[in-house]
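*Asks:* Okay, here's the structure, questions in a sec.
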Amino acid sequence: MAEKRDFYEVLGLKKGATDDEIKKAFRKKAMDFHPDRNPGDKTAEEKFKEVNEAYGILSDPQKKDKYDRFGHAGVDPNAGFGGGGGFGGGFGGGFEDIFGDLFGGMFGGGFSQSGGRRRNGPRKGQDLQKNISITFDEAAFGAKKQIQINKYVACEICEGSGAEKGSDKVTCSKCNGAGEVRTTQRTPFGQFTNVQPCDKCGGSGETIEKPCHGCNGSGKIRKTVTISVDIPAGVDNDSVISIKEQGEPGTNGGPNGDLYVVLSVQPHALFTRKGTDLWLEMPITFSQAALGDDIIVPTLKEKVSYKIPAGTQPETIFRLKGKGIKSLRTSKIGDLYVKVTLEVPTKLTGEQKKLISKLGDSLNTEGYSKKKKFADTMKEIFK
């Protein structure tokens, strides 16, 4: 088979990319090559599978570590890096694949000298992607969502066989159940066999005597299904939830594909998020800043009282420990950072203006250290 591209290259990244960079790159690439956006485009379909495979490795810390150290061999179960296998006897697999790729383009099919590979084995179904929007609170605390997706499912009438009830599948008369048709050619390199999928049975090795009336013999129908999605606490924009075997049906007894749910988090009316920390801008009055006060601060769960000291300056940031968002992968909880902003009143009565003016006259420059420093600097410049 063709040599696999570097998984970082597949996602358009450099080695050492962060989890967030990997997630964002996957989402963009998956959307670019999604089958729904590229109907009938086999190249896009293959790229979509390649992107999903790359993300499946790089999003898993243990697999990513093995891949970073050993490359593709580190995540290949047959390469002896933690999977089963290692190198077996004979020339199966690698030898055949290498020469299949070398001569396949010249002769239009696979390579074979003795036996070759069967084309009618089980194949995994198509992976699917679904984008959903969730609230800020659902991302912070987790939620269970019911989503609807239109996809192919196994036909209920024939249970995915494609054959009408009481009718059987029979061995294909053209390929005798092999699922492939072979022609032998002599070349300067020796005698080689050109292997093509059987055009009568589509490579399955079987034909249907009487196709199912519900699916016309395909074994699957398109249907809108409802799927339950468990959203863990701490997810963020572009987080991807993988749901095994909720994609489309496999063929020849293969497993279903997987469903990838990509999350988009709606903004909050008060809070902004930076990782597991929350940030809040909170207006206070002149009297609260000057004299100090117990202010009521909102958090995601409740309202709490916090005492700001006398002489608090605008843009001062206070930290409320453990009032942020739970980490997706650990038990750590972030903090809430509250930045106070001084609000100057805009509508004053005549009496209020007099009182403020009287207060201003009573305050000397010692109470305004920044103003005093600024005035002293000006004197030095313009003396």
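By convention here, the chains of the structure tokens are called A, B, ... in the order presented, each chain's residues are numbered starting at 1, and ligands are numbered starting at 1 in the order presented.
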With the cut-off set at 7 Å and counting only C-alpha atoms, tabulate each residue of segment 119-175 of chain A with an atom at most that distance from an atom of segment 260-266 of chain A, showing the nearest atom pair and its distance in Å to one decimal, ordered by chain and increasing number, as JSON lines.

*Replies:*
```
{"residue": "A:Leu128", "atom": "CA", "partner": "A:Tyr260", "partner_atom": "CA", "distance": 6.1}
{"residue": "A:Gln129", "atom": "CA", "partner": "A:Tyr260", "partner_atom": "CA", "distance": 4.6}
{"residue": "A:Lys130", "atom": "CA", "partner": "A:Val261", "partner_atom": "CA", "distance": 4.9}
{"residue": "A:Asn131", "atom": "CA", "partner": "A:Val262", "partner_atom": "CA", "distance": 4.7}
{"residue": "A:Ile132", "atom": "CA", "partner": "A:Leu263", "partner_atom": "CA", "distance": 5.4}
{"residue": "A:Ser133", "atom": "CA", "partner": "A:Ser264", "partner_atom": "CA", "distance": 4.7}
{"residue": "A:Ile134", "atom": "CA", "partner": "A:Val265", "partner_atom": "CA", "distance": 5.1}
{"residue": "A:Thr135", "atom": "CA", "partner": "A:Gln266", "partner_atom": "CA", "distance": 5.1}
{"residue": "A:Phe136", "atom": "CA", "partner": "A:Gln266", "partner_atom": "CA", "distance": 5.6}
{"residue": "A:Ala139", "atom": "CA", "partner": "A:Val265", "partner_atom": "CA", "distance": 6.8}
```

*Asks:* Got time to write the residues from that selection, C-alpha atoms, as a PDB file, in the first residue's frame?

*Replies:*
```pdb
ATOM      1  CA  LEU A 128     -19.522  10.866   9.799  1.00  0.00           C
ATOM      2  CA  GLN A 129     -19.207  14.356  11.306  1.00  0.00           C
ATOM      3  CA  LYS A 130     -21.905  16.410  13.007  1.00  0.00           C
ATOM      4  CA  ASN A 131     -21.480  20.003  14.224  1.00  0.00           C
ATOM      5  CA  ILE A 132     -23.624  21.060  17.175  1.00  0.00           C
ATOM      6  CA  SER A 133     -23.959  24.239  19.243  1.00  0.00           C
ATOM      7  CA  ILE A 134     -24.041  24.100  23.053  1.00  0.00           C
ATOM      8  CA  THR A 135     -24.430  26.756  25.745  1.00  0.00           C
ATOM      9  CA  PHE A 136     -21.567  28.101  27.859  1.00  0.00           C
ATOM     10  CA  ALA A 139     -19.631  23.256  28.158  1.00  0.00           C
TER      11      ALA A 139
END
```

*Asks:* Could you name the residues that touch Asp36 of chain A at 10 Å or less, counting only C-alpha atoms, but leaving out those on the same chain fewer than 3 positions away, as a PyMOL selection string?

*Replies:* chain A and resi 31-33+39-41+45+128-129

*Asks:* Output as a PyMOL selection string all residues of segment 138-209 of chain A that backbone DSSP marks as strand (DSSP E or B).

*Replies:* chain A and resi 143-154+163+169-171+180-187+190-197+206-208

*Asks:* Using DSSP on the backbone coordinates, identify all residues within segment 138-348 of chain A classified as helix (DSSP H, G or I); present the result as a compact mmCIF listing (two decimals) with C-alpha atoms, in the first residue's frame.

*Replies:*
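The resulting part.txt:
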```txt
# COMPACT_ATOMS: atom_id res chain seq x y z
CA GLU A 138 -23.30 23.01 29.11
CA ALA A 139 -19.63 23.26 28.16
CA ALA A 140 -18.65 24.09 31.74
CA PHE A 141 -20.74 21.49 33.56
CA PHE A 286 -16.33 56.02 43.10
CA SER A 287 -17.47 55.62 46.70
CA GLN A 288 -17.00 51.84 46.59
CA ALA A 289 -13.48 52.25 45.18
CA ALA A 290 -12.51 54.99 47.62
CA LEU A 291 -14.04 53.56 50.81
```

*Asks:* For a quick check of understanding, using only C-alpha atoms, which of A:Glu180, A:Val340, A:Asn52, A:Lys326 has the smallest distance to Val297 of chain A?

*Replies:* A:Val340

*Asks:* List the neighbours of Gly162 of chain A out to 9 Å using only C-alpha atoms; skip same-chain residues closer than 5 positions along the sequence, and give me the result as a PyMOL selection string.

*Replies:* chain A and resi 155+157+169+208+210-220

*Asks:* Write a file of the just-selected residues containing N, CA and C atoms, as an mmCIF file, in the first residue's frame.

*Replies:*
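Output below, filename out-v6.cif:
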```cif
data_model
loop_
_atom_site.group_PDB
_atom_site.id
_atom_site.type_symbol
_atom_site.label_atom_id
_atom_site.label_comp_id
_atom_site.auth_asym_id
_atom_site.auth_seq_id
_atom_site.Cartn_x
_atom_site.Cartn_y
_atom_site.Cartn_z
ATOM 1 N N CYS A 155 -30.796 -1.979 6.580
ATOM 2 C CA CYS A 155 -32.217 -2.158 6.242
ATOM 3 C C CYS A 155 -32.855 -3.109 7.248
ATOM 4 N N ILE A 157 -35.752 -4.607 6.974
ATOM 5 C CA ILE A 157 -36.497 -5.695 6.329
ATOM 6 C C ILE A 157 -35.593 -6.904 6.083
ATOM 7 N N LYS A 169 -28.395 -15.356 -0.916
ATOM 8 C CA LYS A 169 -27.282 -14.936 -1.756
ATOM 9 C C LYS A 169 -26.620 -16.190 -2.317
ATOM 10 N N ILE A 208 -27.303 -11.596 -5.444
ATOM 11 C CA ILE A 208 -28.596 -11.785 -4.786
ATOM 12 C C ILE A 208 -29.614 -12.319 -5.783
ATOM 13 N N LYS A 210 -32.944 -12.515 -5.323
ATOM 14 C CA LYS A 210 -34.099 -11.616 -5.338
ATOM 15 C C LYS A 210 -33.806 -10.443 -4.396
ATOM 16 N N PRO A 211 -33.498 -9.241 -4.942
ATOM 17 C CA PRO A 211 -33.161 -8.101 -4.081
ATOM 18 C C PRO A 211 -34.304 -7.704 -3.143
ATOM 19 N N CYS A 212 -33.933 -7.258 -1.955
ATOM 20 C CA CYS A 212 -34.914 -6.785 -0.962
ATOM 21 C C CYS A 212 -35.695 -5.599 -1.522
ATOM 22 N N HIS A 213 -37.021 -5.620 -1.324
ATOM 23 C CA HIS A 213 -37.860 -4.538 -1.852
ATOM 24 C C HIS A 213 -37.688 -3.242 -1.062
ATOM 25 N N GLY A 214 -37.156 -3.346 0.160
ATOM 26 C CA GLY A 214 -37.000 -2.148 0.984
ATOM 27 C C GLY A 214 -35.760 -1.337 0.649
ATOM 28 N N CYS A 215 -34.681 -2.010 0.227
ATOM 29 C CA CYS A 215 -33.414 -1.310 -0.035
ATOM 30 C C CYS A 215 -32.877 -1.563 -1.437
ATOM 31 N N ASN A 216 -33.668 -2.271 -2.262
ATOM 32 C CA ASN A 216 -33.256 -2.596 -3.636
ATOM 33 C C ASN A 216 -31.936 -3.372 -3.693
ATOM 34 N N GLY A 217 -31.704 -4.162 -2.650
ATOM 35 C CA GLY A 217 -30.535 -5.021 -2.653
ATOM 36 C C GLY A 217 -29.276 -4.417 -2.066
ATOM 37 N N SER A 218 -29.334 -3.145 -1.659
ATOM 38 C CA SER A 218 -28.123 -2.504 -1.127
ATOM 39 C C SER A 218 -27.832 -2.900 0.314
ATOM 40 N N GLY A 219 -28.862 -3.344 1.028
ATOM 41 C CA GLY A 219 -28.689 -3.719 2.429
ATOM 42 C C GLY A 219 -28.769 -2.558 3.392
ATOM 43 N N LYS A 220 -28.959 -1.339 2.871
ATOM 44 C CA LYS A 220 -29.059 -0.177 3.758
ATOM 45 C C LYS A 220 -30.016 0.857 3.178
#
```

*Asks:* Write out as a ChimeraX atom specification each polymer residue whose atoms come within 10 Å of Phe271 of chain A, counting only C-alpha atoms; drop sequence neighbours fewer than 5 positions from it.

*Replies:* /A:136,277-281,298-300,336-338

*Asks:* Could you write out the selected residues, including N, CA and C atoms, as a JSON list (two decimals), in the first residue's frame?

*Replies:*
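For reference, selection.json as written:
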```json
[["chain", "number", "residue", "atom", "x", "y", "z"],
["A", 136, "PHE", "N", -22.77, 27.93, 27.04],
["A", 136, "PHE", "CA", -21.57, 28.10, 27.86],
["A", 136, "PHE", "C", -21.64, 27.21, 29.09],
["A", 277, "ASP", "N", -9.85, 29.11, 33.19],
["A", 277, "ASP", "CA", -10.12, 30.31, 33.97],
["A", 277, "ASP", "C", -11.25, 31.12, 33.34],
["A", 278, "LEU", "N", -11.99, 31.81, 34.20],
["A", 278, "LEU", "CA", -13.04, 32.73, 33.76],
["A", 278, "LEU", "C", -12.62, 34.16, 34.06],
["A", 279, "TRP", "N", -13.04, 35.08, 33.20],
["A", 279, "TRP", "CA", -12.76, 36.49, 33.39],
["A", 279, "TRP", "C", -14.06, 37.28, 33.37],
["A", 280, "LEU", "N", -14.14, 38.27, 34.29],
["A", 280, "LEU", "CA", -15.35, 39.08, 34.44],
["A", 280, "LEU", "C", -14.96, 40.54, 34.65],
["A", 281, "GLU", "N", -15.57, 41.42, 33.90],
["A", 281, "GLU", "CA", -15.41, 42.86, 34.14],
["A", 281, "GLU", "C", -16.62, 43.34, 34.93],
["A", 298, "PRO", "N", -20.98, 37.55, 40.67],
["A", 298, "PRO", "CA", -21.60, 36.34, 40.11],
["A", 298, "PRO", "C", -20.53, 35.32, 39.72],
["A", 299, "THR", "N", -20.82, 34.05, 39.93],
["A", 299, "THR", "CA", -20.00, 32.95, 39.40],
["A", 299, "THR", "C", -20.93, 32.09, 38.53],
["A", 300, "LEU", "N", -20.40, 31.04, 37.95],
["A", 300, "LEU", "CA", -21.25, 30.19, 37.11],
["A", 300, "LEU", "C", -22.31, 29.46, 37.93],
["A", 336, "LEU", "N", -11.58, 32.37, 38.91],
["A", 336, "LEU", "CA", -12.35, 33.48, 38.35],
["A", 336, "LEU", "C", -11.56, 34.77, 38.63],
["A", 337, "TYR", "N", -11.28, 35.52, 37.56],
["A", 337, "TYR", "CA", -10.57, 36.80, 37.69],
["A", 337, "TYR", "C", -11.57, 37.93, 37.44],
["A", 338, "VAL", "N", -11.68, 38.81, 38.44],
["A", 338, "VAL", "CA", -12.63, 39.92, 38.37],
["A", 338, "VAL", "C", -11.86, 41.22, 38.21]]
```

*Asks:* Enter the distance from atom CA of Thr341 of chain A to atom CA of Thr272 of chain A, in Å, rounded to one decimal.

*Replies:* 16.0 Å

*Asks:* Show which residues sit within 8 Å of Gly205 of chain A, as a list in words. Count only C-alpha atoms, and ignore same-chain residues fewer than 6 positions away.

*Replies:*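 Answer for this query is Asn120, Thr171, Cys172, Cys175, Asn176, Gly177, Ala178, Gly179, Glu180 and Cys198 of chain A.
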
*Asks:* Return the single residue from A:Gly350, A:Asp60, A:Asp20, A:Gln126 that is closest to His34 of chain A, with distances computed using only C-alpha atoms.

*Replies:*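 With only C-alpha atoms as the atom set, the closest residue is A:Gln126.
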
*Asks:* Take atom CA of Asn194 of chain A and atom CA of Arg182 of chain A and report the distance between them in Å, one decimal.

*Replies:* 5.5 Å

*Asks:* Counting only C-alpha atoms, which residue out of A:Asp199, A:Glu46, A:Asp137, A:Asp376 sits closest to Pro267 of chain A?

*Replies:* A:Asp137

*Asks:* Write out as a PDB file with C-alpha atoms, in the first residue's frame which residues come within 12 Å of Lys24 of chain A when counting only C-alpha atoms, dropping same-chain ones fewer than 2 positions away.

*Replies:*
```
ATOM      1  CA  LEU A  11      -3.347  18.083   9.407  1.00  0.00           C
ATOM      2  CA  GLY A  12      -1.070  20.866   8.146  1.00  0.00           C
ATOM      3  CA  LEU A  13       0.849  21.083  11.433  1.00  0.00           C
ATOM      4  CA  ALA A  17       1.582  21.069  17.959  1.00  0.00           C
ATOM      5  CA  THR A  18      -0.628  21.659  20.996  1.00  0.00           C
ATOM      6  CA  ASP A  19      -3.927  19.870  21.654  1.00  0.00           C
ATOM      7  CA  ASP A  20      -5.862  23.008  20.667  1.00  0.00           C
ATOM      8  CA  GLU A  21      -3.913  23.357  17.416  1.00  0.00           C
ATOM      9  CA  ILE A  22      -4.552  19.693  16.601  1.00  0.00           C
ATOM     10  CA  PHE A  26      -8.740  18.571  12.391  1.00  0.00           C
ATOM     11  CA  ARG A  27     -11.990  20.471  12.359  1.00  0.00           C
ATOM     12  CA  LYS A  28     -10.937  22.582   9.357  1.00  0.00           C
ATOM     13  CA  LYS A  29      -9.593  19.653   7.345  1.00  0.00           C
ATOM     14  CA  ALA A  30     -12.555  17.413   8.181  1.00  0.00           C
ATOM     15  CA  MET A  31     -14.997  20.092   7.046  1.00  0.00           C
ATOM     16  CA  TYR A  55      -6.591  12.917  14.483  1.00  0.00           C
ATOM     17  CA  SER A  59      -5.541  13.398  19.936  1.00  0.00           C
ATOM     18  CA  ASP A 236     -14.463  24.090  24.696  1.00  0.00           C
ATOM     19  CA  ASN A 237     -14.886  25.397  21.168  1.00  0.00           C
ATOM     20  CA  ASP A 238     -13.816  22.825  18.555  1.00  0.00           C
ATOM     21  CA  SER A 239     -13.759  19.943  21.026  1.00  0.00           C
ATOM     22  CA  VAL A 240     -14.500  16.674  19.221  1.00  0.00           C
ATOM     23  CA  VAL A 262     -17.706  18.838  16.771  1.00  0.00           C
ATOM     24  CA  LEU A 263     -18.779  21.358  19.432  1.00  0.00           C
ATOM     25  CA  SER A 264     -19.362  25.088  19.068  1.00  0.00           C
TER      26      SER A 264
END
```
